[in-house]
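Chemist: If it helps, the file is called model.tsv and holds TSV, C-alpha atoms:
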```
chain	number	residue	atom	x	y	z
A	1	MET	CA	-11.08	-40.49	-99.84
A	2	ASP	CA	-11.81	-37.09	-101.37
A	3	LEU	CA	-15.41	-36.28	-102.29
A	4	GLN	CA	-14.41	-34.44	-105.46
A	5	VAL	CA	-12.40	-37.45	-106.60
A	6	LEU	CA	-15.51	-39.61	-106.12
A	7	LYS	CA	-17.52	-37.15	-108.23
A	8	ASN	CA	-14.84	-37.25	-110.91
A	9	PHE	CA	-14.85	-41.06	-110.80
A	10	LEU	CA	-18.61	-40.96	-111.39
A	11	ALA	CA	-18.07	-38.66	-114.38
A	12	VAL	CA	-15.70	-41.20	-115.95
A	13	ALA	CA	-18.16	-44.02	-115.24
A	14	ARG	CA	-20.96	-42.01	-116.81
A	15	GLU	CA	-19.04	-40.95	-119.93
A	16	GLY	CA	-17.15	-44.21	-120.48
A	17	ASN	CA	-14.24	-42.14	-121.69
A	18	ILE	CA	-11.64	-40.26	-119.63
A	19	THR	CA	-11.14	-37.46	-122.18
A	20	ASN	CA	-14.89	-36.82	-122.48
A	21	ALA	CA	-15.24	-36.92	-118.70
A	22	ALA	CA	-12.39	-34.45	-118.26
A	23	ASN	CA	-14.04	-32.08	-120.73
A	24	SER	CA	-17.41	-32.36	-118.99
A	25	ILE	CA	-16.00	-31.45	-115.56
A	26	HIS	CA	-13.46	-28.95	-116.92
A	27	ILE	CA	-10.18	-30.44	-115.74
A	28	ALA	CA	-7.12	-31.64	-117.63
A	29	GLN	CA	-7.22	-35.22	-118.87
A	30	PRO	CA	-3.82	-36.16	-117.34
A	31	SER	CA	-4.97	-34.84	-113.96
A	32	LEU	CA	-8.17	-36.92	-114.11
A	33	SER	CA	-6.25	-40.04	-115.17
A	34	ARG	CA	-3.90	-39.53	-112.23
A	35	GLN	CA	-6.84	-39.17	-109.82
A	36	ILE	CA	-8.37	-42.43	-111.03
A	37	LYS	CA	-5.02	-44.23	-110.74
A	38	ASN	CA	-4.52	-42.89	-107.19
A	39	LEU	CA	-8.05	-43.98	-106.28
A	40	GLU	CA	-7.35	-47.50	-107.55
A	41	ASP	CA	-4.12	-47.57	-105.52
A	42	GLU	CA	-5.94	-46.36	-102.41
A	43	LEU	CA	-8.61	-49.05	-102.69
A	44	GLY	CA	-6.24	-51.75	-103.91
A	45	GLN	CA	-8.62	-52.62	-106.75
A	46	LYS	CA	-8.78	-52.06	-110.48
A	47	LEU	CA	-11.87	-49.93	-111.19
A	48	PHE	CA	-11.82	-49.68	-114.99
A	49	ILE	CA	-10.88	-51.86	-117.93
A	50	ARG	CA	-9.06	-49.59	-120.35
A	51	GLY	CA	-9.79	-49.93	-124.07
A	52	SER	CA	-8.34	-48.02	-127.00
A	53	HIS	CA	-11.14	-45.43	-127.00
A	54	SER	CA	-13.22	-46.18	-123.91
A	55	VAL	CA	-13.20	-47.49	-120.36
A	56	THR	CA	-15.66	-49.89	-118.72
A	57	LEU	CA	-16.25	-50.58	-115.05
A	58	THR	CA	-14.91	-53.71	-113.42
A	59	PRO	CA	-17.16	-55.47	-110.85
A	60	GLU	CA	-15.24	-53.55	-108.16
A	61	GLY	CA	-15.82	-50.34	-110.11
A	62	MET	CA	-19.56	-51.07	-110.28
A	63	LEU	CA	-19.64	-51.51	-106.50
A	64	LEU	CA	-17.81	-48.22	-105.97
A	65	ARG	CA	-20.15	-46.47	-108.41
A	66	LYS	CA	-23.18	-47.57	-106.38
A	67	ARG	CA	-21.60	-46.49	-103.08
A	68	ALA	CA	-20.31	-43.20	-104.53
A	69	GLU	CA	-23.74	-42.33	-105.92
A	70	ASP	CA	-25.23	-42.92	-102.45
A	71	VAL	CA	-22.56	-40.78	-100.77
A	72	VAL	CA	-23.00	-37.89	-103.21
A	73	ALA	CA	-26.80	-38.08	-102.97
A	74	MET	CA	-26.66	-38.08	-99.18
A	75	LEU	CA	-24.29	-35.10	-99.04
A	76	ASP	CA	-26.44	-33.18	-101.53
A	77	LYS	CA	-29.45	-33.91	-99.32
A	78	ILE	CA	-27.59	-32.61	-96.24
A	79	HIS	CA	-26.61	-29.40	-98.05
A	80	GLU	CA	-30.20	-28.88	-99.21
A	81	GLU	CA	-31.58	-29.37	-95.69
A	82	PHE	CA	-29.10	-27.05	-93.99
A	83	SER	CA	-29.39	-24.38	-96.66
A	84	THR	CA	-33.05	-23.87	-95.74
A	85	ILE	CA	-32.62	-23.67	-91.94
A	86	GLY	CA	-34.11	-20.44	-90.65
A	87	GLU	CA	-35.70	-19.64	-94.00
A	88	THR	CA	-39.19	-20.03	-95.42
A	89	ILE	CA	-40.03	-23.73	-95.67
A	90	SER	CA	-38.54	-24.97	-98.92
A	91	GLY	CA	-36.45	-27.90	-100.09
A	92	ASP	CA	-36.80	-31.50	-101.18
A	93	ILE	CA	-38.97	-34.41	-100.06
A	94	TYR	CA	-38.07	-37.94	-101.18
A	95	ILE	CA	-40.82	-40.59	-101.40
A	96	GLY	CA	-40.39	-44.16	-102.63
A	97	GLY	CA	-42.82	-46.93	-103.53
A	98	GLY	CA	-44.11	-49.26	-106.17
A	99	GLU	CA	-46.62	-48.22	-108.81
A	100	THR	CA	-49.90	-48.00	-106.90
A	101	TYR	CA	-53.29	-46.34	-107.18
A	102	ALA	CA	-53.14	-45.81	-103.41
A	103	LEU	CA	-50.87	-42.82	-104.07
A	104	HIS	CA	-54.07	-40.91	-104.87
A	105	CYS	CA	-54.89	-40.59	-101.18
A	106	LEU	CA	-51.65	-38.60	-100.72
A	107	LEU	CA	-51.88	-36.36	-103.77
A	108	GLY	CA	-54.39	-33.90	-102.36
A	109	ILE	CA	-52.17	-33.35	-99.32
A	110	LEU	CA	-49.05	-32.96	-101.47
A	111	LYS	CA	-50.80	-30.48	-103.76
A	112	ASP	CA	-52.11	-28.36	-100.87
A	113	LEU	CA	-48.69	-28.31	-99.23
A	114	GLN	CA	-47.02	-27.29	-102.47
A	115	ALA	CA	-49.54	-24.47	-102.95
A	116	GLU	CA	-48.80	-23.18	-99.45
A	117	TYR	CA	-45.02	-23.66	-99.73
A	118	PRO	CA	-44.09	-23.37	-103.44
A	119	GLY	CA	-40.41	-23.89	-102.63
A	120	ILE	CA	-41.03	-27.57	-101.78
A	121	ARG	CA	-39.99	-30.08	-104.45
A	122	TYR	CA	-41.07	-33.74	-104.54
A	123	HIS	CA	-38.84	-36.57	-105.76
A	124	MET	CA	-40.55	-39.91	-106.44
A	125	TYR	CA	-38.52	-43.14	-106.49
A	126	SER	CA	-40.12	-46.24	-108.01
A	127	GLY	CA	-39.17	-49.68	-106.72
A	128	ASN	CA	-40.46	-52.72	-104.88
A	129	SER	CA	-40.47	-53.08	-101.09
A	130	VAL	CA	-36.88	-54.34	-100.96
A	131	ASP	CA	-35.64	-51.39	-103.04
A	132	VAL	CA	-37.61	-48.89	-100.98
A	133	THR	CA	-36.61	-50.17	-97.53
A	134	GLU	CA	-32.95	-50.32	-98.59
A	135	ARG	CA	-33.03	-46.65	-99.56
A	136	LEU	CA	-35.00	-45.74	-96.43
A	137	ASP	CA	-32.41	-47.43	-94.24
A	138	ARG	CA	-29.60	-45.55	-95.98
A	139	GLY	CA	-31.38	-42.24	-95.43
A	140	LEU	CA	-31.96	-41.59	-99.14
A	141	LEU	CA	-35.75	-41.49	-98.76
A	142	ASP	CA	-37.88	-39.61	-96.26
A	143	PHE	CA	-40.96	-41.82	-96.71
A	144	GLY	CA	-41.77	-45.15	-98.31
A	145	ILE	CA	-45.02	-46.82	-99.40
A	146	LEU	CA	-44.99	-50.54	-98.58
A	147	LEU	CA	-47.40	-53.39	-99.26
A	148	GLN	CA	-48.91	-54.79	-96.09
A	149	PRO	CA	-48.29	-56.92	-94.17
A	150	ALA	CA	-44.66	-55.83	-94.05
A	151	ASP	CA	-41.96	-55.85	-91.40
A	152	VAL	CA	-42.36	-52.37	-89.93
A	153	THR	CA	-40.47	-52.96	-86.68
A	154	LYS	CA	-37.83	-50.42	-87.76
A	155	TYR	CA	-40.38	-47.84	-88.87
A	156	ASN	CA	-43.22	-45.61	-87.83
A	157	TYR	CA	-46.16	-45.89	-90.18
A	158	ILE	CA	-49.63	-44.74	-91.19
A	159	ASN	CA	-52.00	-47.17	-92.89
A	160	LEU	CA	-53.34	-45.80	-96.18
A	161	PRO	CA	-57.11	-45.88	-96.71
A	162	LEU	CA	-56.93	-47.30	-100.25
A	163	THR	CA	-56.05	-50.87	-101.25
A	164	ASP	CA	-54.56	-52.34	-104.41
A	165	ARG	CA	-56.65	-54.89	-106.32
A	166	TRP	CA	-54.76	-57.46	-108.37
A	167	GLY	CA	-55.91	-58.77	-111.70
A	168	VAL	CA	-54.98	-59.34	-115.34
A	169	ILE	CA	-54.57	-56.66	-118.01
A	170	MET	CA	-55.25	-57.97	-121.50
A	171	ARG	CA	-56.33	-56.88	-124.94
A	172	SER	CA	-60.02	-56.00	-125.08
A	173	ASP	CA	-60.48	-58.45	-127.97
A	174	SER	CA	-59.04	-61.34	-125.96
A	175	PRO	CA	-61.40	-64.30	-125.34
A	176	LEU	CA	-60.62	-63.92	-121.62
A	177	ALA	CA	-62.03	-60.39	-121.69
A	178	ALA	CA	-65.55	-61.88	-121.87
A	179	LYS	CA	-65.19	-63.06	-118.27
A	180	GLU	CA	-65.93	-60.88	-115.24
A	181	ALA	CA	-62.98	-62.31	-113.29
A	182	VAL	CA	-59.94	-64.52	-113.88
A	183	THR	CA	-59.29	-67.79	-112.04
A	184	CYS	CA	-56.16	-69.90	-111.61
A	185	ASP	CA	-57.36	-72.33	-114.29
A	186	ASP	CA	-57.85	-69.47	-116.76
A	187	LEU	CA	-54.16	-68.55	-116.52
A	188	LEU	CA	-52.69	-71.99	-117.19
A	189	GLY	CA	-51.13	-72.06	-120.64
A	190	LEU	CA	-51.33	-68.30	-121.22
A	191	PRO	CA	-48.15	-66.25	-121.87
A	192	LEU	CA	-47.86	-64.16	-118.70
A	193	LEU	CA	-45.97	-61.00	-117.80
A	194	LEU	CA	-45.64	-60.80	-114.02
A	195	SER	CA	-45.09	-57.68	-111.94
A	196	ARG	CA	-42.09	-57.83	-109.59
A	197	GLN	CA	-44.46	-56.75	-106.83
A	198	ALA	CA	-46.74	-59.70	-107.55
A	199	ILE	CA	-43.98	-62.29	-107.15
A	200	GLN	CA	-42.01	-60.64	-104.36
A	201	LYS	CA	-41.70	-63.49	-101.84
A	202	SER	CA	-40.83	-61.18	-98.96
A	203	THR	CA	-44.42	-59.91	-98.84
A	204	ALA	CA	-47.56	-61.74	-97.93
A	205	ASN	CA	-50.64	-61.68	-100.20
A	206	ASN	CA	-48.48	-62.09	-103.29
A	207	PHE	CA	-49.44	-63.75	-106.56
A	208	ILE	CA	-47.32	-66.87	-105.91
A	209	ASP	CA	-49.23	-67.61	-102.71
A	210	TRP	CA	-52.55	-66.83	-104.39
A	211	PHE	CA	-51.90	-69.23	-107.27
A	212	GLY	CA	-50.72	-72.07	-105.05
A	213	ASP	CA	-48.78	-75.25	-105.73
A	214	ASN	CA	-49.09	-75.13	-109.54
A	215	PHE	CA	-47.30	-71.80	-109.90
A	216	ASP	CA	-44.31	-73.49	-111.58
A	217	LYS	CA	-46.63	-74.71	-114.35
A	218	LEU	CA	-47.39	-71.17	-115.50
A	219	ASN	CA	-45.97	-69.94	-118.80
A	220	VAL	CA	-44.12	-66.84	-117.55
A	221	ILE	CA	-42.62	-65.08	-120.56
A	222	GLY	CA	-41.25	-62.11	-118.61
A	223	THR	CA	-41.32	-59.84	-115.58
A	224	PHE	CA	-41.49	-56.06	-115.25
A	225	ASN	CA	-41.37	-53.22	-112.75
A	226	LEU	CA	-42.89	-50.50	-114.95
A	227	VAL	CA	-46.49	-51.05	-116.02
A	228	TYR	CA	-46.26	-48.75	-119.04
A	229	ASN	CA	-43.58	-50.89	-120.73
A	230	ALA	CA	-45.43	-54.13	-120.03
A	231	ALA	CA	-48.69	-52.61	-121.31
A	232	LEU	CA	-47.02	-51.94	-124.66
A	233	MET	CA	-46.14	-55.64	-124.87
A	234	VAL	CA	-49.73	-56.60	-124.09
A	235	GLU	CA	-51.02	-54.20	-126.76
A	236	ARG	CA	-48.80	-55.97	-129.29
A	237	GLY	CA	-50.37	-59.29	-128.33
A	238	MET	CA	-47.30	-60.71	-126.62
A	239	GLY	CA	-49.08	-61.82	-123.47
A	240	TYR	CA	-51.25	-61.09	-120.45
A	241	MET	CA	-50.08	-58.83	-117.63
A	242	VAL	CA	-50.65	-59.65	-113.96
A	243	SER	CA	-50.77	-56.28	-112.23
A	244	ILE	CA	-52.88	-54.01	-110.05
A	245	ASP	CA	-55.90	-52.05	-111.18
A	246	LYS	CA	-56.01	-48.37	-112.24
A	247	ILE	CA	-52.34	-47.83	-113.07
A	248	ALA	CA	-52.62	-48.64	-116.78
A	249	ASN	CA	-55.12	-47.15	-119.20
A	250	THR	CA	-57.94	-49.71	-119.33
A	251	SER	CA	-60.77	-47.21	-119.88
A	252	SER	CA	-63.57	-47.87	-122.38
A	253	GLY	CA	-61.63	-46.20	-125.19
A	254	SER	CA	-58.46	-48.23	-124.63
A	255	SER	CA	-57.41	-51.36	-126.45
A	256	LEU	CA	-56.75	-52.93	-123.03
A	257	CYS	CA	-59.05	-54.04	-120.23
A	258	PHE	CA	-58.65	-55.21	-116.63
A	259	ARG	CA	-60.23	-58.28	-115.04
A	260	PRO	CA	-59.81	-58.95	-111.30
A	261	LEU	CA	-58.54	-62.21	-109.91
A	262	SER	CA	-61.02	-64.66	-108.40
A	263	PRO	CA	-60.85	-65.32	-105.50
A	264	PRO	CA	-59.89	-61.66	-104.95
A	265	LEU	CA	-56.30	-60.69	-104.18
A	266	GLU	CA	-55.98	-57.32	-102.51
A	267	ALA	CA	-53.15	-55.58	-100.67
A	268	GLU	CA	-53.27	-52.85	-98.05
A	269	LEU	CA	-50.49	-50.30	-97.97
A	270	ALA	CA	-48.69	-48.24	-95.36
A	271	LEU	CA	-46.68	-45.03	-95.48
A	272	VAL	CA	-43.51	-45.63	-93.41
A	273	TRP	CA	-40.53	-43.65	-92.15
A	274	ARG	CA	-37.56	-44.51	-89.94
A	275	LYS	CA	-37.99	-44.35	-86.19
A	276	HIS	CA	-36.13	-41.47	-84.54
A	277	GLN	CA	-35.57	-39.90	-87.97
A	278	THR	CA	-34.59	-36.23	-88.05
A	279	PHE	CA	-36.65	-34.69	-90.82
A	280	SER	CA	-35.94	-31.63	-92.91
A	281	LYS	CA	-38.49	-28.84	-92.43
A	282	PRO	CA	-40.43	-29.73	-95.63
A	283	ALA	CA	-40.61	-33.45	-94.68
A	284	GLU	CA	-41.61	-32.56	-91.13
A	285	LYS	CA	-44.39	-30.32	-92.42
A	286	LEU	CA	-45.58	-33.06	-94.79
A	287	LEU	CA	-45.71	-35.60	-91.97
A	288	GLU	CA	-47.78	-33.16	-89.90
A	289	ARG	CA	-50.27	-32.80	-92.76
A	290	LEU	CA	-50.35	-36.55	-93.43
A	291	ARG	CA	-51.19	-37.29	-89.81
A	292	GLU	CA	-54.02	-34.75	-89.98
A	293	GLY	CA	-55.31	-35.85	-93.38
A	294	LEU	CA	-55.06	-39.64	-93.07
```
Please go through the file and, once you have read it, give me the structure as structure tokens.

Modeler:
Amino acid sequence: MDLQVLKNFLAVAREGNITNAANSIHIAQPSLSRQIKNLEDELGQKLFIRGSHSVTLTPEGMLLRKRAEDVVAMLDKIHEEFSTIGETISGDIYIGGGETYALHCLLGILKDLQAEYPGIRYHMYSGNSVDVTERLDRGLLDFGILLQPADVTKYNYINLPLTDRWGVIMRSDSPLAAKEAVTCDDLLGLPLLLSRQAIQKSTANNFIDWFGDNFDKLNVIGTFNLVYNAALMVERGMGYMVSIDKIANTSSGSSLCFRPLSPPLEAELALVWRKHQTFSKPAEKLLERLREGL
């Protein structure tokens, strides 16, 4: 399977139109159509549903798109790493994790390293623990930030000094805002927006375990993985958001406020990387600084 053909397949998937894709990658439309047909013959699967003016991916095409994106990303990462061998330390570092205030304990180290080696670039990937470990295992991330306790048997790790505190983000004029903390009984009957991290069953100390046997009685109107989007819904009065502290604007001038859960629900975090991993020079230098700083 030719790498350039995979890249051209991704162009068609992205554009949704073979002619537009051919124009974007500067090849003739008949040549691109022939490549896609040959790729389908090679795999023995139909990859696109052809319409009069557009094409859409079949389920098999969606699977190939995911795999092709991983292959291209991995090869780009290899080229980047080898292009900097023997040169001044420069290149890319890939870090994945959920939205967390604990990232603050890394930022000083990242900033100092960037000042010393301005050719280093950071790429942040947002996702829950399942998303992050999947990308770690495929070699698409150098480091991941995971909620503890987590299965770290495959990884080396450093425990982070900050913890995440769970609570409820609500409008400041909400009756619940008069309370110092929020209990299980307070949440019954309220329209709730739940973070994917809070209800991820593969981690301990999650919101489901905290709430207990009556979790199914909650009025869950939606879930989210980006706090900003959910905060907009809370501002409009659509519901109450179960999330961690300090990642949405709940300062005194904001229309939103944060109230912690009672009894408290907190989560420790760890920075992890694959055992026996061969790092690029920038990632190796970052790990050295992290071990010193943390």

Chemist: With all atoms listed in the file as the counted atoms, please give the residues lying no more than 8 Å from Leu147 in chain A, apart from itself and same-chain residues fewer than 4 positions off, as a list in words.

Modeler: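 Counting only the stated atoms, we get Ser129, Thr203, Ala267, Glu268, Leu269 and Ala270 of chain A.
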
Chemist: What's around Asn225 in chain A at 8 Å? Count only C-alpha atoms, leave out sequence neighbours fewer than 4 positions away in its own chain, and write the answer as a ChimeraX atom specification.

Modeler: /A:127-128,195-197

Chemist: Neighbouring residues of Met238 in chain A were defined as those with any atom within 12 Å, considering only C-alpha atoms; residues of the same chain fewer than 5 positions away were excluded. Please report them as a list in words.

Modeler: Ile169, Met170, Arg171, Ser174, Leu190, Pro191, Leu192, Leu193, Val220, Ile221, Gly222, Ala230, Ala231, Leu232 and Met233 of chain A

Chemist: As an exercise, work out the distance from CA of His104 in chain A to CA of Leu162 in chain A in Å and give it to one decimal place.

Modeler: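 Computing it gives 8.4 Å between the two atoms.
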
Chemist: Tell me, in Å to one decimal, how far CA of Phe48 in chain A is from CA of Asp76 in chain A.

Modeler: 25.8 Å

Chemist: Select, from A:Gly189, A:Gly51, A:Gly16, A:Gly139, the residue with the minimum atom-to-atom distance to Asp216 in chain A, counting all atoms listed in the file.

Modeler: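 Using all atoms listed in the file, Asp216 in chain A sits closest to A:Gly189.
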
Chemist: How many Å separate CA of Gly253 in chain A from CA of Arg236 in chain A?

Modeler: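 It comes out at 16.6 Å.
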
Chemist: For range 38-46 of chain A, work out the shell of residues within 10 Å, counting only C-alpha atoms and skipping chain neighbours fewer than 3 positions away, then give it as a PDB file with C-alpha atoms, in the frame of the given file.

Modeler:
```
ATOM      1  CA  MET A   1     -11.080 -40.490 -99.840  1.00  0.00           C
ATOM      2  CA  ASP A   2     -11.810 -37.090-101.370  1.00  0.00           C
ATOM      3  CA  VAL A   5     -12.400 -37.450-106.600  1.00  0.00           C
ATOM      4  CA  LEU A   6     -15.510 -39.610-106.120  1.00  0.00           C
ATOM      5  CA  PHE A   9     -14.850 -41.060-110.800  1.00  0.00           C
ATOM      6  CA  LEU A  32      -8.170 -36.920-114.110  1.00  0.00           C
ATOM      7  CA  SER A  33      -6.250 -40.040-115.170  1.00  0.00           C
ATOM      8  CA  ARG A  34      -3.900 -39.530-112.230  1.00  0.00           C
ATOM      9  CA  GLN A  35      -6.840 -39.170-109.820  1.00  0.00           C
ATOM     10  CA  ILE A  49     -10.880 -51.860-117.930  1.00  0.00           C
ATOM     11  CA  LEU A  57     -16.250 -50.580-115.050  1.00  0.00           C
ATOM     12  CA  THR A  58     -14.910 -53.710-113.420  1.00  0.00           C
ATOM     13  CA  PRO A  59     -17.160 -55.470-110.850  1.00  0.00           C
ATOM     14  CA  GLU A  60     -15.240 -53.550-108.160  1.00  0.00           C
ATOM     15  CA  GLY A  61     -15.820 -50.340-110.110  1.00  0.00           C
ATOM     16  CA  LEU A  64     -17.810 -48.220-105.970  1.00  0.00           C
TER      17      LEU A  64
END
```
